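Visitor: What follows is protein07.cif; its format and atoms are mmCIF, C-alpha atoms.
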data_coords
loop_
_atom_site.label_atom_id
_atom_site.label_comp_id
_atom_site.auth_asym_id
_atom_site.auth_seq_id
_atom_site.Cartn_x
_atom_site.Cartn_y
_atom_site.Cartn_z
CA MET A 15 22.02 177.60 119.56
CA LYS A 16 19.89 174.73 120.80
CA LYS A 17 18.75 175.23 124.38
CA TYR A 18 19.21 171.58 125.30
CA VAL A 19 23.00 171.61 124.77
CA PRO A 20 23.95 172.11 128.48
CA TYR A 21 21.92 169.11 129.60
CA VAL A 22 24.23 166.46 128.19
CA LEU A 23 23.03 163.42 130.11
CA SER A 24 19.39 164.07 129.30
CA VAL A 25 20.22 164.66 125.65
CA LEU A 26 22.20 161.45 125.34
CA TYR A 27 19.25 159.52 126.74
CA VAL A 28 16.80 161.21 124.41
CA LEU A 29 19.00 160.83 121.34
CA SER A 30 19.17 157.11 121.92
CA THR A 31 15.45 156.58 122.38
CA THR A 32 13.35 159.23 120.65
CA THR A 33 11.35 158.51 117.51
CA LEU A 34 8.47 160.38 115.91
CA ALA A 35 6.06 157.44 116.23
CA HIS A 36 4.11 158.95 119.12
CA ALA A 37 3.88 162.37 117.48
CA GLU A 38 2.84 160.85 114.15
CA ALA A 39 -0.21 159.37 115.87
CA ALA A 40 -1.09 162.36 118.07
CA PHE A 41 0.10 165.29 115.92
CA PRO A 42 0.69 164.05 112.34
CA LYS A 43 1.21 167.54 110.83
CA LEU A 44 3.68 168.47 113.52
CA ALA A 45 5.55 165.19 113.10
CA ALA A 46 5.76 165.71 109.34
CA LYS A 47 7.37 169.13 109.79
CA ILE A 48 9.82 167.76 112.35
CA ALA A 49 10.74 164.89 110.02
CA ALA A 50 11.32 167.37 107.19
CA ASN A 51 13.51 169.57 109.41
CA GLU A 52 11.11 172.48 108.92
CA PRO A 53 10.66 175.20 111.58
CA VAL A 54 7.84 174.59 114.04
CA ASN A 55 5.78 177.25 115.82
CA VAL A 56 4.10 176.44 119.13
CA VAL A 57 1.76 178.89 120.85
CA CYS A 58 0.90 178.37 124.51
CA PHE A 59 -2.52 179.96 125.08
CA GLY A 60 -3.72 180.64 128.61
CA ASP A 61 -4.08 182.90 131.63
CA SER A 62 -1.59 184.05 134.29
CA VAL A 63 -0.30 180.52 134.83
CA THR A 64 0.81 180.59 131.20
CA GLY A 65 2.00 184.22 131.09
CA VAL A 66 5.24 185.66 132.44
CA TYR A 67 4.54 187.01 135.93
CA TYR A 68 6.07 187.27 139.39
CA HIS A 69 5.44 183.68 140.35
CA THR A 70 8.18 182.41 138.01
CA GLY A 71 10.60 185.29 138.50
CA GLY A 72 9.29 187.59 135.79
CA GLN A 73 11.56 186.41 132.97
CA ARG A 74 10.30 183.01 131.79
CA ALA A 75 7.40 180.61 132.11
CA TYR A 76 6.52 177.09 131.04
CA THR A 77 6.39 178.18 127.40
CA ASP A 78 10.18 178.59 127.48
CA MET A 79 10.55 175.18 129.10
CA VAL A 80 8.32 173.61 126.44
CA GLU A 81 10.66 174.94 123.74
CA ILE A 82 13.67 173.52 125.55
CA GLY A 83 11.92 170.20 126.17
CA LEU A 84 10.80 169.72 122.57
CA GLU A 85 14.27 170.47 121.26
CA MET A 86 15.67 167.97 123.75
CA ALA A 87 13.23 165.36 122.46
CA TRP A 88 13.79 166.23 118.81
CA PRO A 89 17.43 167.46 118.63
CA GLU A 90 17.30 168.24 114.91
CA SER A 91 14.15 170.35 115.24
CA ASP A 92 13.83 174.13 115.10
CA VAL A 93 11.09 174.91 117.62
CA THR A 94 9.87 178.37 118.54
CA ALA A 95 7.41 178.46 121.46
CA MET A 96 5.44 181.68 121.91
CA ASN A 97 3.64 182.81 125.05
CA ALA A 98 0.01 183.92 124.74
CA GLY A 99 -0.92 183.99 128.42
CA ILE A 100 -2.61 187.00 130.06
CA SER A 101 -3.42 187.35 133.74
CA GLY A 102 -7.08 187.14 134.71
CA HIS A 103 -8.25 185.82 131.36
CA THR A 104 -10.96 183.25 130.78
CA THR A 105 -12.02 181.39 127.67
CA VAL A 106 -14.30 184.36 126.93
CA ASN A 107 -11.26 186.65 126.77
CA ALA A 108 -9.41 183.96 124.84
CA LEU A 109 -11.95 183.97 122.01
CA ALA A 110 -11.84 187.78 121.85
CA ARG A 111 -8.07 187.76 121.21
CA ILE A 112 -7.42 184.41 119.54
CA ASP A 113 -7.01 185.90 116.05
CA LYS A 114 -4.36 188.41 117.15
CA ASP A 115 -2.55 186.40 119.82
CA VAL A 116 -2.70 182.89 118.32
CA ILE A 117 -3.83 182.65 114.69
CA ALA A 118 -1.67 185.55 113.52
CA ARG A 119 1.43 183.72 114.77
CA LYS A 120 0.83 180.88 112.30
CA PRO A 121 1.07 178.08 114.87
CA ASP A 122 1.67 174.46 114.05
CA LEU A 123 0.65 173.45 117.58
CA VAL A 124 -1.48 175.34 120.11
CA THR A 125 -1.56 174.31 123.75
CA VAL A 126 -4.66 175.56 125.56
CA MET A 127 -4.83 175.97 129.34
CA PHE A 128 -7.71 177.94 130.86
CA GLY A 129 -9.96 177.24 133.82
CA LEU A 130 -8.68 178.84 137.02
CA ASN A 131 -10.45 182.09 136.15
CA ASP A 132 -13.33 180.49 134.26
CA MET A 133 -14.33 178.63 137.43
CA THR A 134 -14.95 181.97 139.16
CA ARG A 135 -17.13 183.64 136.50
CA VAL A 136 -17.80 181.53 133.39
CA PRO A 137 -20.66 178.99 133.60
CA LEU A 138 -19.62 175.40 133.01
CA ASP A 139 -21.62 174.98 129.80
CA ASP A 140 -20.16 178.19 128.37
CA TYR A 141 -16.68 177.00 129.32
CA ARG A 142 -17.28 173.75 127.46
CA ALA A 143 -18.57 175.57 124.36
CA ASN A 144 -15.70 178.05 124.42
CA LEU A 145 -13.07 175.31 124.58
CA LYS A 146 -14.65 173.62 121.56
CA THR A 147 -14.67 176.88 119.63
CA ILE A 148 -11.00 177.48 120.44
CA VAL A 149 -10.13 174.02 119.10
CA GLU A 150 -12.22 174.59 115.96
CA LYS A 151 -10.67 178.00 115.24
CA CYS A 152 -7.14 176.64 115.58
CA ARG A 153 -7.85 173.63 113.41
CA ALA A 154 -9.48 175.83 110.78
CA VAL A 155 -6.08 177.40 110.05
CA GLY A 156 -4.26 174.06 110.04
CA ALA A 157 -2.95 174.09 113.59
CA GLU A 158 -3.07 171.03 115.81
CA VAL A 159 -4.31 171.46 119.38
CA MET A 160 -3.37 170.07 122.76
CA LEU A 161 -5.80 170.71 125.62
CA CYS A 162 -4.29 171.07 129.09
CA THR A 163 -6.05 170.74 132.41
CA PRO A 164 -5.09 173.53 134.85
CA ASN A 165 -2.86 172.73 137.81
CA ASN A 166 -4.44 171.96 141.18
CA VAL A 167 -4.60 174.69 143.83
CA THR A 168 -4.85 175.34 147.54
CA ASP A 169 -8.51 174.90 148.43
CA THR A 170 -9.98 178.36 149.20
CA PRO A 171 -13.51 179.81 149.26
CA GLY A 172 -12.72 181.67 146.04
CA ARG A 173 -11.46 178.57 144.23
CA PRO A 174 -12.76 175.44 145.95
CA THR A 175 -11.25 172.23 144.68
CA GLU A 176 -14.70 170.69 144.31
CA THR A 177 -15.60 173.34 141.73
CA LEU A 178 -12.24 173.19 139.99
CA LEU A 179 -12.65 169.47 139.49
CA THR A 180 -15.85 170.04 137.49
CA TYR A 181 -13.93 172.33 135.12
CA VAL A 182 -11.07 169.86 134.88
CA ALA A 183 -13.59 167.16 133.97
CA VAL A 184 -14.89 169.35 131.13
CA VAL A 185 -11.39 169.73 129.67
CA ARG A 186 -11.01 165.96 129.70
CA GLU A 187 -14.44 165.48 128.13
CA VAL A 188 -13.82 168.02 125.35
CA ALA A 189 -10.43 166.47 124.61
CA ALA A 190 -12.02 163.05 124.23
CA GLU A 191 -14.96 164.33 122.19
CA MET A 192 -12.80 166.36 119.80
CA LYS A 193 -9.97 163.83 119.70
CA ALA A 194 -7.48 166.42 120.97
CA PRO A 195 -4.48 165.08 122.90
CA LEU A 196 -4.69 165.93 126.60
CA ALA A 197 -1.88 167.13 128.84
CA ASP A 198 -3.28 166.33 132.27
CA CYS A 199 -1.42 168.91 134.33
CA TYR A 200 -3.98 168.67 137.12
CA GLY A 201 -3.32 164.94 137.36
CA ALA A 202 0.46 165.46 137.39
CA PHE A 203 0.28 167.99 140.22
CA GLU A 204 -2.25 165.93 142.15
CA ALA A 205 0.06 162.90 141.98
CA VAL A 206 2.80 164.94 143.65
CA ARG A 207 0.43 166.21 146.34
CA ALA A 208 -0.92 162.73 147.04
CA GLU A 209 2.61 161.46 147.67
CA SER A 210 3.88 164.50 149.59
CA PRO A 211 1.89 167.68 150.30
CA PHE A 212 5.17 169.35 151.28
CA GLU A 213 6.81 168.56 147.93
CA TRP A 214 3.70 169.82 146.16
CA ALA A 215 3.95 173.08 148.14
CA MET A 216 7.53 173.38 146.86
CA LEU A 217 6.05 173.64 143.33
CA MET A 218 3.74 176.53 144.20
CA SER A 219 4.47 180.24 144.43
CA ASP A 220 1.08 181.01 146.02
CA GLU A 221 -2.38 179.48 146.37
CA ILE A 222 -2.96 179.06 142.63
CA HIS A 223 0.25 179.85 140.71
CA PRO A 224 3.07 177.34 140.32
CA ASN A 225 6.63 178.65 140.63
CA MET A 226 9.24 177.86 137.98
CA ASP A 227 9.72 174.35 139.35
CA GLY A 228 5.97 173.93 138.92
CA HIS A 229 6.18 175.36 135.42
CA LYS A 230 8.84 172.80 134.59
CA GLN A 231 6.36 170.16 135.77
CA ILE A 232 3.75 171.61 133.41
CA ALA A 233 6.24 171.69 130.53
CA GLU A 234 7.31 168.10 131.15
CA THR A 235 3.64 167.04 130.99
CA ILE A 236 3.13 168.92 127.72
CA VAL A 237 6.34 167.61 126.15
CA THR A 238 5.52 164.03 127.15
CA THR A 239 2.06 164.40 125.61
CA ALA A 240 3.62 165.64 122.38
CA THR A 241 6.54 163.24 122.14
CA GLY A 242 5.72 160.23 124.29
CA LYS A 243 9.06 160.65 126.05
CA ASP A 244 9.84 161.69 129.62
CA ILE A 245 12.03 164.78 129.53
CA GLU A 246 13.89 166.03 132.63
CA LEU A 247 13.75 169.82 132.97
CA ALA A 248 14.45 170.18 136.68
CA TYR A 249 18.09 171.11 136.13
CA VAL A 250 17.56 173.79 133.51
CA PRO A 251 19.43 176.69 135.16
CA ALA A 252 18.19 180.21 135.87
CA PRO A 253 18.90 182.90 133.26
CA ARG A 254 22.60 183.82 133.31
CA GLN A 255 22.00 187.56 133.52
CA ALA A 256 20.46 188.44 136.89
CA LEU A 257 21.39 192.14 137.11
CA PHE A 258 20.20 193.35 133.73
CA HIS A 259 18.52 196.53 135.01
CA THR A 260 21.31 197.45 137.42
CA ARG A 261 23.90 196.95 134.70
CA ALA A 262 21.95 199.12 132.25
CA ARG A 263 21.61 201.96 134.75
CA ILE A 264 25.32 201.89 135.54
CA ALA A 265 26.15 201.90 131.83
CA THR A 266 24.10 205.07 131.39
CA LYS A 267 25.36 206.61 134.67
CA GLN A 268 21.91 206.72 136.24
CA PRO A 269 21.37 206.71 140.02
CA LEU A 270 20.48 203.47 141.78
CA LYS A 271 17.85 202.98 144.45
CA ILE A 272 18.50 199.71 146.27
CA LEU A 273 16.71 197.82 149.04
CA ALA A 274 18.93 195.23 150.74
CA MET A 275 18.84 193.10 153.86
CA PRO A 276 21.90 193.21 156.13
CA PRO A 277 24.78 192.59 155.87
CA TYR A 278 24.50 192.93 152.11
CA ASP A 279 23.31 196.54 152.22
CA THR A 280 26.79 197.54 153.39
CA ILE A 281 28.59 195.12 151.06
CA ILE A 282 26.70 196.26 147.96
CA ASN A 283 26.94 199.94 148.82
CA GLU A 284 30.71 199.74 149.21
CA LEU A 285 31.11 197.70 146.04
CA LEU A 286 29.07 200.03 143.84
CA THR A 287 30.75 203.10 145.31
CA ASP A 288 34.06 201.61 144.17
CA LEU A 289 32.95 200.27 140.80
CA ALA A 290 30.38 202.82 139.63
CA PRO A 291 31.00 206.17 141.34
CA GLU A 292 29.06 207.98 138.59
CA SER A 293 25.85 206.09 139.54
CA PRO A 294 25.08 207.42 143.03
CA VAL A 295 23.44 204.83 145.28
CA THR A 296 20.52 205.40 147.60
CA MET A 297 20.75 202.36 149.88
CA VAL A 298 17.66 201.50 151.92
CA PRO A 299 18.40 198.86 154.60
CA TRP A 300 15.65 196.26 154.91
CA LYS A 301 15.85 195.54 158.63
CA VAL A 302 14.79 191.98 159.40
CA GLU A 303 16.84 190.90 162.42
CA GLY A 304 14.71 189.22 165.09
CA GLN A 305 11.62 189.07 162.89
CA SER A 306 9.57 186.01 161.99
CA ILE A 307 9.05 184.98 158.38
CA ALA A 308 5.45 186.22 158.65
CA GLU A 309 6.63 189.66 159.79
CA ILE A 310 9.12 189.87 156.94
CA GLU A 311 6.39 188.80 154.51
CA GLN A 312 4.14 191.57 155.83
CA ALA A 313 6.87 194.15 155.19
CA ALA A 314 7.47 192.70 151.72
CA LYS A 315 3.93 193.65 150.69
CA GLY A 316 5.07 197.25 150.34
CA VAL A 317 8.17 196.57 148.26
CA ARG A 318 6.59 196.40 144.81
CA ASP A 319 5.13 199.91 144.98
CA LYS A 320 8.53 201.46 145.78
CA LYS A 321 10.02 200.41 142.41
CA TYR A 322 13.60 199.95 143.53
CA ASN A 323 16.23 199.22 140.89
CA LEU A 324 17.59 196.29 142.89
CA VAL A 325 16.15 194.30 145.79
CA PHE A 326 18.57 192.03 147.66
CA ILE A 327 16.91 189.45 149.93
CA ALA A 328 18.78 187.66 152.73
CA VAL A 329 16.30 186.22 155.23
CA PRO A 330 18.16 185.30 158.46
CA ALA A 331 18.56 181.69 159.51
CA GLY A 332 16.73 182.38 162.76
CA ALA A 333 13.55 183.62 161.09
CA THR A 334 10.89 180.98 161.80
CA SER A 335 7.28 180.17 160.97
CA GLU A 336 4.48 178.30 162.71
CA SER A 337 4.96 175.24 160.49
CA PRO A 338 7.05 174.05 157.54
CA GLU A 339 4.10 174.68 155.21
CA ALA A 340 3.70 178.22 156.56
CA PHE A 341 7.41 178.80 156.01
CA LEU A 342 7.16 177.82 152.33
CA HIS A 343 4.10 180.00 151.81
CA GLU A 344 5.50 183.05 153.61
CA PHE A 345 9.00 182.85 152.17
CA GLY A 346 7.54 182.39 148.70
CA TRP A 347 5.56 185.59 149.12
CA ILE A 348 8.65 187.48 150.31
CA LEU A 349 10.22 186.64 146.95
CA SER A 350 7.05 187.33 144.97
CA TYR A 351 6.20 190.65 146.61
CA SER A 352 9.73 191.83 145.85
CA LEU A 353 9.21 191.35 142.11
CA SER A 354 7.16 193.46 139.72
CA PHE A 355 3.78 191.93 138.88
CA GLY A 356 4.54 191.06 135.28
CA PHE A 357 7.69 190.91 133.24
CA GLN A 358 10.67 191.88 135.40
CA GLU A 359 10.99 195.67 135.77
CA TRP A 360 13.88 195.63 138.26
CA ASP A 361 16.44 193.17 139.57
CA VAL A 362 15.82 190.86 142.51
CA VAL A 363 18.49 188.69 144.12
CA ALA A 364 18.05 186.28 147.02
CA VAL A 365 20.76 184.50 149.00
CA PRO A 366 20.43 181.81 151.70
CA PRO A 367 21.80 182.23 155.25
CA SER A 368 24.46 179.56 154.65
CA LEU A 369 26.29 181.93 152.32
CA ALA A 370 27.52 183.80 155.39
CA ALA A 371 27.22 181.27 158.24
CA THR A 372 27.69 177.61 159.10
CA LEU A 373 24.31 176.20 160.12
CA GLU A 374 23.10 173.12 161.95
CA GLY A 375 19.80 171.52 162.93
CA GLU A 376 16.57 173.33 162.12
CA GLU A 377 18.41 176.36 160.77
CA ALA A 378 20.21 174.15 158.25
CA THR A 379 16.88 172.61 157.25
CA ARG A 380 15.26 176.00 156.72
CA ASP A 381 18.32 177.07 154.76
CA GLU A 382 17.81 174.16 152.36
CA TRP A 383 14.16 175.18 151.95
CA GLN A 384 15.27 178.71 151.12
CA LYS A 385 17.72 177.43 148.51
CA ARG A 386 15.06 175.33 146.82
CA LEU A 387 12.54 178.17 146.74
CA ILE A 388 15.12 180.66 145.47
CA ARG A 389 15.93 178.33 142.57
CA ALA A 390 12.22 177.67 142.05
CA GLN A 391 11.64 181.40 141.58
CA ASP A 392 14.14 181.21 138.69
CA PHE A 393 16.74 183.23 140.59
CA THR A 394 20.46 182.61 140.31
CA LEU A 395 21.67 181.05 143.57
CA ILE A 396 25.01 182.37 144.82
CA GLU A 397 26.65 179.45 146.62
CA ALA A 398 30.34 180.23 146.38
CA GLY A 399 30.63 181.47 149.98
CA GLY A 400 32.28 179.34 152.61
CA GLY A 401 29.95 179.94 155.52
CA SER A 402 31.55 183.08 156.96
CA LEU A 403 30.80 186.77 156.53
CA ASP A 404 34.17 187.48 154.91
CA GLU A 405 33.71 184.66 152.42
CA ALA A 406 30.13 185.79 151.72
CA GLN A 407 31.41 189.28 151.00
CA MET A 408 33.99 187.90 148.56
CA ALA A 409 31.37 185.71 146.87
CA VAL A 410 28.84 188.51 146.43
CA ARG A 411 31.45 191.00 145.25
CA GLY A 412 32.85 188.52 142.73
CA TRP A 413 29.41 187.55 141.45
CA MET A 414 28.23 191.13 141.13
CA LYS A 415 31.40 192.23 139.35
CA GLU A 416 30.92 189.44 136.82
CA GLN A 417 27.24 190.30 136.38
CA LEU A 418 27.96 193.99 135.94
CA GLY A 419 30.83 193.43 133.52
CA PHE A 420 33.68 194.71 135.68
#
Output the file's structure as structure tokens, nothing else.
Guide:
Amino acid sequence: MKKYVPYVLSVLYVLSTTTLAHAEAAFPKLAAKIAANEPVNVVCFGDSVTGVYYHTGGQRAYTDMVEIGLEMAWPESDVTAMNAGISGHTTVNALARIDKDVIARKPDLVTVMFGLNDMTRVPLDDYRANLKTIVEKCRAVGAEVMLCTPNNVTDTPGRPTETLLTYVAVVREVAAEMKAPLADCYGAFEAVRAESPFEWAMLMSDEIHPNMDGHKQIAETIVTTATGKDIELAYVPAPRQALFHTRARIATKQPLKILAMPPYDTIINELLTDLAPESPVTMVPWKVEGQSIAEIEQAAKGVRDKKYNLVFIAVPAGATSESPEAFLHEFGWILSYSLSFGFQEWDVVAVPPSLAATLEGEEATRDEWQKRLIRAQDFTLIEAGGGSLDEAQMAVRGWMKEQLGF
């Protein structure tokens, strides 16, 4: 089933305006296959920003959004987008694995995004030469190529913006020299930061990695480069199944080890005792009352090593930070540290304070920030509560029963 179907308003707009004229000029082979209703393979080649890791929730990345976006732009198309991103990789690593990870997949279009690791250990001239070789190797097997500048980052000694800009300039130069269409992701992110540093921070999971909202920004830039049309991906929902691992363990009557912030430790323990008595629960309360966001973040650093089956995050409304920007950074890391490093190995759920309480003033503002960051981590947001503990309990119990198939 086409992935654009739920986004009716966007689809209606695209159906009424999309043609293949832009693609015919930029990607003539791709356009010909689309026009002939032939299947299209897209490979997104890159590093950890491309791959599926904690910063987007461990289930999807911009590759998935590119597939959705292209099918929204070309409703009759059959697009398969494949992820070829590996954490820590540079263009040197890319050339070592391009045959297996890209060429072997018989791509019609290859998007290439490297640079954030190259800037730390690959000389600029080598980076330039490697990008050219990647383009040549892809074209040699008939694939068309889109070069992508990497996203901008928080300026740090390890990745100073001044240095990153020199690598971004090389991507732009190689694209022009080799007549490869350019998706200027750096420019797109920089435009957001220039208008509102706070809104830019809302797109980032940490100093260098965008969260899923940031990945949607990357995908929109890539899809626009391919199609010439602006596609709205902001409202693509989180994956429907949020308790895959918990459900599987209950189905096989395995024990559950759960870390949960109050009051949900008690709520979940009681629910699972009722629903799944043959899967004994070891409930570990994550005590956070009276702590700052920074203190909770510090504790979160140890979560990943414990390998719980389910982590349930409920940061209190009163937990504060030194500044709004610090709040976004620290809360983002609470979410990220709770996830496995790569593809999701256990379930993580996060709920905002307003699920169980009526909030005003600064607490209400921080609650809205939490909601946005929870969604941006590609988590399902439970919002059915009515602002009281009893209603929160009903909402969580109902949601979990549905997720677990009871």
Visitor: Please build the interface table for segment 106-173 of chain A against segment 220-224 of chain A with a cut-off of 10 Å, listing for each qualifying residue the nearest atom pair and the distance in Å to one decimal; count all atoms listed in the file, order rows by chain and increasing number, and write it as JSON lines.
Guide:
{"residue": "A:Leu130", "atom": "CA", "partner": "A:Ile222", "partner_atom": "CA", "distance": 8.0}
{"residue": "A:Pro164", "atom": "CA", "partner": "A:Ile222", "partner_atom": "CA", "distance": 9.8}
{"residue": "A:Asn165", "atom": "CA", "partner": "A:Pro224", "partner_atom": "CA", "distance": 7.9}
{"residue": "A:Asn166", "atom": "CA", "partner": "A:Ile222", "partner_atom": "CA", "distance": 7.4}
{"residue": "A:Val167", "atom": "CA", "partner": "A:Ile222", "partner_atom": "CA", "distance": 4.8}
{"residue": "A:Thr168", "atom": "CA", "partner": "A:Glu221", "partner_atom": "CA", "distance": 5.0}
{"residue": "A:Asp169", "atom": "CA", "partner": "A:Glu221", "partner_atom": "CA", "distance": 7.9}
{"residue": "A:Thr170", "atom": "CA", "partner": "A:Glu221", "partner_atom": "CA", "distance": 8.2}
{"residue": "A:Arg173", "atom": "CA", "partner": "A:Ile222", "partner_atom": "CA", "distance": 8.7}
Visitor: Evaluate the PyMOL selection byres ((chain A and resi 160) around 9) on the structure here and hand back the selected residues as a ChimeraX atom specification.
Guide: /A:123-127,149,158-159,161-162,189,194-197,236,239-240
Visitor: Grab the atom CA of Asn144 of chain A to atom CA of Ala183 of chain A distance for me, in Å with one decimal place.
Guide: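 Going from atom CA of Asn144 of chain A over to atom CA of Ala183 of chain A covers 14.6 Å.
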Visitor: Closest to Leu369 of chain A among A:Asp279, A:Glu405, A:Glu38, A:Glu176, using only C-alpha atoms?
Guide: A:Glu405
Visitor: Write out as CSV a residue-level contact list of segment 240-304 of chain A versus segment 311-322 of chain A with cut-off 8 Å: for each qualifying residue the closest pair of atoms and the distance in Å to one decimal, counting only C-alpha atoms, rows sorted by chain and residue number upward.
Guide:
residue,atom,partner,partner_atom,distance
A:Leu270,CA,A:Tyr322,CA,7.9
A:Lys271,CA,A:Tyr322,CA,5.3
A:Ile272,CA,A:Tyr322,CA,5.6
A:Leu273,CA,A:Tyr322,CA,6.7
Visitor: Determine the nearest neighbour of Gly242 of chain A from the options A:Ala118, A:Leu44, A:Leu387, A:Ala87, counting all atoms listed in the file.
Guide: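 The closest residue to Gly242 of chain A is A:Ala87.
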Visitor: On this structure, which residues satisfy the PyMOL selection byres ((chain A and resi 255-263) around 7), written as a PyMOL selection string?
Guide: chain A and resi 253-254+264-268+323-324+360-361+394+417-418
Visitor: Quick one: everything within 12 Å of Thr134 of chain A, counting all atoms listed in the file, minus sequence neighbours fewer than 4 positions away in the same chain. Send it as a VMD selection string.
Guide: chain A and resid 102 to 105 128 to 130 138 141 170 to 175 177 to 178 181
Visitor: Which one of A:Ser62, A:Ser402, A:Thr163, A:Asn51 sits closest to Ile232 of chain A if you count all atoms listed in the file?
Guide: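 Nearest to Ile232 of chain A: A:Thr163.
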Visitor: From the options A:Gly72, A:Gly401, A:Pro291, A:Gly83, which residue's atoms come nearest to Asp244 of chain A, counting only C-alpha atoms?
Guide: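 Checking each candidate against Asp244 of chain A, we get A:Gly83 as the closest.
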Visitor: From the set A:Gly375, A:Gly304, A:Gly356, A:Gly412, which residue has the shortest atom-to-atom contact distance to Glu397 of chain A, counting all atoms listed in the file?
Guide: A:Gly412
Visitor: Report, in Å to a single decimal, how far apart atom CA of Thr64 of chain A and atom CA of Trp88 of chain A are.
Guide: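 Answer for the atom CA of Trp88 of chain A to atom CA of Thr64 of chain A separation: 23.0 Å.
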Visitor: Can you turn the PyMOL selection byres ((chain A and resi 226) around 9) into a concrete residue list for this file, as a list in words?
Guide: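 So the PyMOL selection byres ((chain A and resi 226) around 9), applied here, picks out His69, Thr70, Gly71, Arg74, Ala75, Tyr76, Leu217, Met218, Ser219, Pro224, Asn225, Asp227, Gly228, His229, Lys230, Gln231, Arg389, Ala390, Gln391 and Asp392 of chain A.
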Visitor: To one decimal place in Å, what is the distance between atom CA of Trp300 of chain A and atom CA of Ala274 of chain A?
Guide: 5.4 Å
Visitor: Can you sort out the box for segment 334-343 of chain A, edges along x, y and z, all listed atoms in, 6 Å on every side, with centre and edge lengths in Å to one decimal, as JSON?
Guide:
{"center_x": 7.3, "center_y": 177.5, "center_z": 157.3, "size_x": 19.2, "size_y": 18.9, "size_z": 22.9}
